[in-house]
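Undergrad: I am sharing final_38.cif, which consists of mmCIF, C-alpha atoms:
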```
data_protein
loop_
_atom_site.label_atom_id
_atom_site.label_comp_id
_atom_site.auth_asym_id
_atom_site.auth_seq_id
_atom_site.Cartn_x
_atom_site.Cartn_y
_atom_site.Cartn_z
CA GLY S 27 22.13 9.35 8.30
CA GLU S 28 19.60 6.64 7.54
CA ASN S 29 20.68 2.99 7.64
CA VAL S 30 18.51 0.36 5.99
CA GLU S 31 19.16 -3.32 6.61
CA GLN S 32 17.50 -6.04 4.56
CA HIS S 33 17.12 -9.78 5.19
CA PRO S 34 17.52 -12.38 3.92
CA SER S 35 20.06 -11.81 1.18
CA THR S 36 18.85 -14.90 -0.71
CA LEU S 37 15.52 -16.70 -0.56
CA SER S 38 14.30 -19.79 -2.39
CA VAL S 39 10.65 -20.86 -2.31
CA GLN S 40 8.53 -23.42 -4.10
CA GLU S 41 6.06 -22.10 -6.64
CA GLY S 42 2.79 -21.31 -4.90
CA ASP S 43 4.37 -20.69 -1.51
CA SER S 44 4.69 -17.27 0.14
CA ALA S 45 7.85 -15.18 0.39
CA VAL S 46 8.61 -12.56 3.04
CA ILE S 47 11.45 -10.03 2.92
CA LYS S 48 12.18 -7.82 5.93
CA CYS S 49 13.83 -4.42 6.29
CA THR S 50 14.70 -2.28 9.26
CA TYR S 51 15.53 1.42 9.27
CA SER S 52 17.26 3.65 11.79
CA ASP S 53 15.78 7.14 11.36
CA SER S 54 12.41 7.49 13.07
CA ALA S 55 11.67 10.53 10.87
CA SER S 56 11.67 8.43 7.68
CA ASN S 57 8.15 8.36 6.30
CA TYR S 58 8.19 6.76 2.85
CA PHE S 59 9.14 3.17 2.08
CA PRO S 60 9.19 1.92 -1.52
CA TRP S 61 10.00 -1.57 -2.77
CA TYR S 62 11.73 -2.24 -6.08
CA LYS S 63 12.01 -5.37 -8.21
CA GLN S 64 15.05 -5.80 -10.45
CA GLU S 65 15.17 -8.58 -13.00
CA LEU S 66 18.54 -9.73 -14.29
CA GLY S 67 20.15 -7.05 -16.45
CA LYS S 68 17.19 -4.68 -16.08
CA ARG S 69 16.50 -1.48 -14.21
CA PRO S 70 14.83 -1.46 -10.76
CA GLN S 71 11.06 -1.05 -11.04
CA LEU S 72 8.79 0.26 -8.28
CA ILE S 73 6.31 -2.46 -7.29
CA ILE S 74 4.70 -1.08 -4.15
CA ASP S 75 5.22 1.64 -1.58
CA ILE S 76 3.88 2.62 1.80
CA ARG S 77 3.73 5.88 3.68
CA SER S 78 4.12 6.22 7.41
CA ASN S 79 0.47 7.01 8.04
CA VAL S 80 -0.54 3.54 6.82
CA GLY S 81 0.16 0.16 8.44
CA GLU S 82 -0.48 -2.12 5.48
CA LYS S 83 -0.99 -1.88 1.73
CA LYS S 84 -1.94 -4.59 -0.75
CA ASP S 85 -1.79 -4.87 -4.50
CA GLN S 86 -2.98 -8.25 -5.79
CA ARG S 87 -0.39 -10.82 -4.66
CA ILE S 88 1.98 -8.38 -3.00
CA ALA S 89 1.59 -6.52 0.28
CA VAL S 90 3.75 -4.36 2.47
CA THR S 91 3.44 -3.90 6.23
CA LEU S 92 4.99 -1.16 8.34
CA ASN S 93 5.68 -1.13 12.08
CA LYS S 94 6.76 2.42 12.93
CA THR S 95 7.40 1.65 16.58
CA ALA S 96 9.83 -1.15 15.77
CA LYS S 97 11.10 0.65 12.65
CA HIS S 98 10.68 -2.25 10.33
CA PHE S 99 8.69 -3.00 7.18
CA SER S 100 8.17 -6.15 5.18
CA LEU S 101 7.26 -7.28 1.68
CA HIS S 102 4.92 -10.25 1.36
CA ILE S 103 4.43 -12.11 -1.91
CA THR S 104 1.72 -14.76 -1.94
CA GLU S 105 1.16 -17.58 -4.45
CA THR S 106 4.64 -17.07 -5.87
CA GLN S 107 5.27 -17.69 -9.57
CA PRO S 108 8.53 -18.23 -11.48
CA GLU S 109 8.27 -14.70 -12.90
CA ASP S 110 8.58 -13.36 -9.34
CA SER S 111 12.23 -14.49 -9.41
CA ALA S 112 14.33 -11.29 -9.18
CA VAL S 113 16.27 -9.12 -6.75
CA TYR S 114 14.08 -7.03 -4.46
CA PHE S 115 15.25 -3.82 -2.79
CA CYS S 116 13.66 -1.89 0.02
CA ALA S 117 14.31 1.79 0.64
CA ALA S 118 13.52 4.53 3.12
CA SER S 119 13.35 8.31 2.86
CA GLY S 120 12.23 11.29 4.84
CA VAL S 121 13.02 14.85 5.75
CA ASN S 122 16.27 13.86 7.50
CA THR S 123 17.52 12.11 4.35
CA GLY S 124 16.86 15.17 2.23
CA ASN S 125 14.11 13.11 0.61
CA GLN S 126 16.72 10.86 -0.99
CA PHE S 127 16.23 7.12 -0.83
CA TYR S 128 18.54 4.87 1.18
CA PHE S 129 18.42 1.32 -0.14
CA GLY S 130 18.83 -2.06 1.49
CA THR S 131 21.39 -4.43 0.00
CA GLY S 132 18.79 -6.54 -1.82
CA THR S 133 17.21 -10.00 -1.62
CA SER S 134 17.65 -12.46 -4.46
CA LEU S 135 14.38 -14.42 -4.68
CA THR S 136 14.24 -17.68 -6.62
CA VAL S 137 10.88 -19.36 -7.18
CA ILE S 138 11.33 -23.04 -7.96
CA PRO S 139 8.75 -24.45 -10.40
CA ASN F 26 6.90 9.33 -23.16
CA ALA F 27 10.40 7.84 -22.78
CA GLY F 28 10.77 8.30 -18.98
CA VAL F 29 14.46 8.35 -18.06
CA THR F 30 16.97 7.86 -20.87
CA GLN F 31 20.60 7.00 -20.15
CA THR F 32 23.53 6.78 -22.54
CA PRO F 33 25.68 4.88 -23.20
CA LYS F 34 24.48 1.39 -22.19
CA PHE F 35 27.98 -0.12 -22.13
CA GLN F 36 31.45 1.39 -21.92
CA VAL F 37 34.99 0.11 -21.47
CA LEU F 38 37.61 2.62 -20.34
CA LYS F 39 41.30 2.39 -19.67
CA THR F 40 42.57 3.59 -16.31
CA GLY F 41 42.99 7.36 -16.41
CA GLN F 42 40.55 8.00 -19.24
CA SER F 43 37.58 10.32 -18.77
CA MET F 44 33.97 10.02 -19.82
CA THR F 45 30.54 11.53 -19.25
CA LEU F 46 27.36 9.55 -18.65
CA GLN F 47 24.26 11.30 -19.92
CA CYS F 48 20.79 11.22 -18.40
CA ALA F 49 17.57 12.93 -19.50
CA GLN F 50 14.01 12.72 -18.19
CA ASP F 51 10.79 13.90 -19.79
CA MET F 52 8.47 13.67 -16.76
CA ASN F 53 9.01 17.23 -15.54
CA HIS F 54 10.62 15.86 -12.37
CA ASN F 55 12.43 18.26 -10.08
CA SER F 56 14.99 15.86 -8.63
CA MET F 57 17.55 13.67 -10.32
CA TYR F 58 20.05 11.16 -8.93
CA TRP F 59 23.05 9.08 -9.87
CA TYR F 60 23.54 5.69 -8.19
CA ARG F 61 26.08 2.96 -8.61
CA GLN F 62 25.23 -0.69 -8.11
CA ASP F 63 27.83 -3.21 -7.04
CA PRO F 64 27.24 -6.88 -6.15
CA GLY F 65 26.13 -7.32 -2.54
CA MET F 66 26.14 -3.57 -1.86
CA GLY F 67 22.80 -2.46 -3.20
CA LEU F 68 22.38 0.98 -4.71
CA ARG F 69 24.62 3.73 -3.40
CA LEU F 70 24.01 7.40 -4.08
CA ILE F 71 26.85 9.24 -5.84
CA TYR F 72 25.38 12.70 -6.41
CA TYR F 73 21.95 14.18 -6.62
CA SER F 74 20.24 17.35 -7.77
CA ALA F 75 17.21 18.31 -5.70
CA SER F 76 16.19 20.96 -8.23
CA GLU F 77 17.50 22.71 -11.30
CA GLY F 78 20.61 24.67 -10.42
CA THR F 79 21.59 22.62 -7.34
CA THR F 80 23.79 19.56 -6.86
CA ASP F 81 24.92 17.75 -3.71
CA LYS F 82 27.16 14.86 -2.77
CA GLY F 83 25.76 11.50 -1.81
CA GLU F 84 27.40 8.56 -0.04
CA VAL F 85 30.17 7.86 -2.56
CA PRO F 86 31.07 11.07 -4.49
CA ASN F 87 34.86 10.71 -4.71
CA GLY F 88 36.13 10.53 -8.29
CA TYR F 89 32.94 11.92 -9.82
CA ASN F 90 31.48 15.26 -10.83
CA VAL F 91 28.00 16.17 -12.00
CA SER F 92 26.22 18.87 -13.96
CA ARG F 93 22.51 19.67 -13.90
CA LEU F 94 22.37 21.18 -17.35
CA ASN F 95 18.68 22.08 -17.18
CA LYS F 96 15.56 20.57 -15.63
CA ARG F 97 15.67 17.58 -17.99
CA GLU F 98 19.36 16.65 -18.02
CA PHE F 99 21.81 15.50 -15.34
CA SER F 100 25.25 14.24 -16.36
CA LEU F 101 27.90 12.30 -14.43
CA ARG F 102 31.57 12.73 -15.27
CA LEU F 103 34.52 10.53 -14.41
CA GLU F 104 37.62 12.68 -14.80
CA SER F 105 40.24 9.96 -14.39
CA ALA F 106 38.70 6.50 -14.34
CA ALA F 107 39.95 3.88 -11.87
CA PRO F 108 39.24 0.11 -11.75
CA SER F 109 37.28 0.72 -8.50
CA GLN F 110 34.74 2.62 -10.61
CA THR F 111 33.81 -0.52 -12.53
CA SER F 112 30.09 -0.76 -11.78
CA VAL F 113 26.60 -0.40 -13.15
CA TYR F 114 25.41 3.20 -13.01
CA PHE F 115 21.77 4.18 -12.79
CA CYS F 116 20.23 7.59 -13.21
CA ALA F 117 16.87 8.20 -11.54
CA SER F 118 14.37 11.00 -11.13
CA ASN F 119 11.30 11.84 -9.06
CA THR F 120 9.19 14.74 -7.92
CA GLY F 121 11.60 15.44 -5.06
CA THR F 122 8.95 15.53 -2.37
CA GLY F 123 10.28 12.33 -0.76
CA ASP F 124 7.04 10.40 -0.98
CA TYR F 125 6.98 9.26 -4.58
CA GLY F 126 9.13 6.57 -6.07
CA TYR F 127 12.04 6.96 -8.41
CA THR F 128 11.90 6.21 -12.09
CA PHE F 129 15.19 4.63 -13.11
CA GLY F 130 17.04 4.75 -16.40
CA SER F 131 18.14 1.52 -18.05
CA GLY F 132 21.67 1.70 -16.64
CA THR F 133 25.24 1.97 -17.91
CA ARG F 134 27.60 -0.96 -17.43
CA LEU F 135 31.08 0.53 -17.08
CA THR F 136 34.27 -1.47 -17.01
CA VAL F 137 37.61 0.19 -16.24
CA VAL F 138 40.65 -1.86 -17.17
#
```
Using C-alpha cells, write down the structure that the file contains.
TA:
Amino acid sequence: GENVEQHPSTLSVQEGDSAVIKCTYSDSASNYFPWYKQELGKRPQLIIDIRSNVGEKKDQRIAVTLNKTAKHFSLHITETQPEDSAVYFCAASGVNTGNQFYFGTGTSLTVIP
Amino acid sequence: NAGVTQTPKFQVLKTGQSMTLQCAQDMNHNSMYWYRQDPGMGLRLIYYSASEGTTDKGEVPNGYNVSRLNKREFSLRLESAAPSQTSVYFCASNTGTGDYGYTFGSGTRLTVV
C-alpha cells in the first residue's frame, strides 16, 4: 500500500519568515496530494491540493510543489502569521489506494510573534 | 448546508460497553470514511464506504463495525470497547473519485476507562 512520510514533526518560525513542510510517498501511481490544516480541537480543513499533472500551485501565501520523479511534495507558507500556527497533514491517493487518502503523521507549526 | 455532521462530540465508556458513532453528510457525496486520530500517528483509516451499499476495511479495522445506512449516513460501532480505542474519531466524505479533498466532521472524542 501507500506510505506517506512527513517531516519535520515540529517546526517553529518567527512571524514573517517562511515555513516548509516536506512529504514523500511510495506509490508512483498516486496522483492527488491534498494538504490539511488542523487547529487545536478542530477538524482538519483542506487548504490546498495538487494533482499529478501540475508541478506547482499557489494560493496567496501558501504553495505546494510536486516532484513526481522523486516522489515528494512540499507545502510552502510565506510571510507566516500567528494564525498559521496549527498541525498540518499531507496525504496521497490514487487508483492503487482505492482513492482513499493515506496521511502523513503531521507537522506542528508554531509561529512566534 | 451543514456538510458532515457527527454525533456525539464527547463520550466516556467503560471497558466492554458498546456504542455507535453517527455520521451524516448532505453534499451528495458517494464515499464516506471513518478515521481515528492518535497523538504522533496522524489519521488512520478504520473503515470506508466507496458507495452506497459497500463497505471495506481500512488500516485499523479490528474492534469496529460499520453500516452504510443510505447515501447520507455512515455509522461506526464499537461492540466491546477497550482502552486502546481511546481516540478522536473523524468521519469524512468526498466524491470518491480520488482527486477531490475530504470534508471532515467535527470529531468525537472517545475515552474508554
Undergrad: Could you spell out the hits of the PyMOL selection byres ((chain S and resi 39) around 9) on the shown file, as number ranges by chain?
TA: S: 37-38, 40-45, 106, 135-138
Undergrad: Can you translate the PyMOL selection byres ((chain S) within 8 of (chain F)) into the concrete residues it hits in this file, as a ChimeraX atom specification?
TA: /S:57-58,60,68-72,75,77,115,119-121,124-132
Undergrad: Expand the PyMOL selection byres ((chain F and resi 136) around 6) into the explicit residue set it covers here, and present it as a PDB file with C-alpha atoms, keeping the file's coordinate frame.
TA:
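For reference, out.pdb as written:
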```
ATOM      1  CA  VAL F  37      34.990   0.110 -21.470  1.00  0.00           C
ATOM      2  CA  THR F 111      33.810  -0.520 -12.530  1.00  0.00           C
ATOM      3  CA  LEU F 135      31.080   0.530 -17.080  1.00  0.00           C
ATOM      4  CA  VAL F 137      37.610   0.190 -16.240  1.00  0.00           C
TER       5      VAL F 137
END
```
Undergrad: When you draw a straight line from atom CA of Val29 of chain F to atom CA of Pro86 of chain F, how long is it in Å?
TA: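 Those two atoms sit 21.6 Å apart.
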Undergrad: To one decimal place, how far is atom CA of Ser134 of chain S from atom CA of Ala112 of chain S in Å?
TA: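 Going from atom CA of Ser134 of chain S over to atom CA of Ala112 of chain S, I get 5.9 Å.
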Undergrad: Counting all atoms listed in the file, what is within 12 Å of Asn87 of chain F, bar same-chain residues fewer than 2 positions away, as a count of residues only?
TA: 18
Undergrad: Work out how far atom CA of Lys48 of chain S is from atom CA of Asp110 of chain S, in Å to one decimal.
TA: 16.6 Å
Undergrad: For a cut-off of 12 Å around (25.1, 16.4, -17.8), file coordinates, pick out all residues using all atoms listed in the file and list them as a PDB file with C-alpha atoms, in the coordinates of the input.
TA:
```pdb
ATOM      1  CA  GLN F  31      20.600   7.000 -20.150  1.00  0.00           C
ATOM      2  CA  THR F  32      23.530   6.780 -22.540  1.00  0.00           C
ATOM      3  CA  MET F  44      33.970  10.020 -19.820  1.00  0.00           C
ATOM      4  CA  THR F  45      30.540  11.530 -19.250  1.00  0.00           C
ATOM      5  CA  LEU F  46      27.360   9.550 -18.650  1.00  0.00           C
ATOM      6  CA  GLN F  47      24.260  11.300 -19.920  1.00  0.00           C
ATOM      7  CA  CYS F  48      20.790  11.220 -18.400  1.00  0.00           C
ATOM      8  CA  ALA F  49      17.570  12.930 -19.500  1.00  0.00           C
ATOM      9  CA  GLN F  50      14.010  12.720 -18.190  1.00  0.00           C
ATOM     10  CA  MET F  57      17.550  13.670 -10.320  1.00  0.00           C
ATOM     11  CA  TYR F  58      20.050  11.160  -8.930  1.00  0.00           C
ATOM     12  CA  TRP F  59      23.050   9.080  -9.870  1.00  0.00           C
ATOM     13  CA  TYR F  72      25.380  12.700  -6.410  1.00  0.00           C
ATOM     14  CA  TYR F  73      21.950  14.180  -6.620  1.00  0.00           C
ATOM     15  CA  SER F  74      20.240  17.350  -7.770  1.00  0.00           C
ATOM     16  CA  GLU F  77      17.500  22.710 -11.300  1.00  0.00           C
ATOM     17  CA  GLY F  78      20.610  24.670 -10.420  1.00  0.00           C
ATOM     18  CA  THR F  80      23.790  19.560  -6.860  1.00  0.00           C
ATOM     19  CA  ASN F  90      31.480  15.260 -10.830  1.00  0.00           C
ATOM     20  CA  VAL F  91      28.000  16.170 -12.000  1.00  0.00           C
ATOM     21  CA  SER F  92      26.220  18.870 -13.960  1.00  0.00           C
ATOM     22  CA  ARG F  93      22.510  19.670 -13.900  1.00  0.00           C
ATOM     23  CA  LEU F  94      22.370  21.180 -17.350  1.00  0.00           C
ATOM     24  CA  ASN F  95      18.680  22.080 -17.180  1.00  0.00           C
ATOM     25  CA  LYS F  96      15.560  20.570 -15.630  1.00  0.00           C
ATOM     26  CA  ARG F  97      15.670  17.580 -17.990  1.00  0.00           C
ATOM     27  CA  GLU F  98      19.360  16.650 -18.020  1.00  0.00           C
ATOM     28  CA  PHE F  99      21.810  15.500 -15.340  1.00  0.00           C
ATOM     29  CA  SER F 100      25.250  14.240 -16.360  1.00  0.00           C
ATOM     30  CA  LEU F 101      27.900  12.300 -14.430  1.00  0.00           C
ATOM     31  CA  ARG F 102      31.570  12.730 -15.270  1.00  0.00           C
ATOM     32  CA  LEU F 103      34.520  10.530 -14.410  1.00  0.00           C
ATOM     33  CA  CYS F 116      20.230   7.590 -13.210  1.00  0.00           C
TER      34      CYS F 116
END
```
Undergrad: Determine the nearest neighbour of Ser56 of chain S from the options S:Thr36, S:Thr95, S:Thr133, S:Thr123, counting all atoms listed in the file.
TA: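 So, comparing all the options, the nearest one is S:Thr123.
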Undergrad: Give the centre and edge lengths of an axis-aligned box, in Å to one decimal, that holds all listed atoms of segment 28-37 of chain F with 8 Å on each side, as JSON.
TA:
```
{"center_x": 22.9, "center_y": 4.1, "center_z": -20.6, "size_x": 40.2, "size_y": 24.5, "size_z": 21.1}
```
Undergrad: Residues around (2.0, 3.7, 11.1), cut-off 10 Å, counting only C-alpha atoms - what are they as a list in words?
TA: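 Residues lying no farther than 10 Å from the given point: Asn57, Ile76, Arg77, Ser78, Asn79, Val80, Gly81, Glu82, Thr91, Leu92, Asn93, Lys94, Thr95 and Lys97 of chain S.
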Undergrad: Include C-alpha atoms and write out the residues we just selected as a compact mmCIF listing (two decimals), keeping the file's coordinate frame.
TA:
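And here is the file that came out, result25.txt:
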```txt
# COMPACT_ATOMS: atom_id res chain seq x y z
CA ASN S 57 8.15 8.36 6.30
CA ILE S 76 3.88 2.62 1.80
CA ARG S 77 3.73 5.88 3.68
CA SER S 78 4.12 6.22 7.41
CA ASN S 79 0.47 7.01 8.04
CA VAL S 80 -0.54 3.54 6.82
CA GLY S 81 0.16 0.16 8.44
CA GLU S 82 -0.48 -2.12 5.48
CA THR S 91 3.44 -3.90 6.23
CA LEU S 92 4.99 -1.16 8.34
CA ASN S 93 5.68 -1.13 12.08
CA LYS S 94 6.76 2.42 12.93
CA THR S 95 7.40 1.65 16.58
CA LYS S 97 11.10 0.65 12.65
```
Undergrad: Using only C-alpha atoms, which residue out of S:Gln32, S:Asp53, S:Ile47, S:Ala89 lies closest to Asn122 of chain S?
TA: S:Asp53
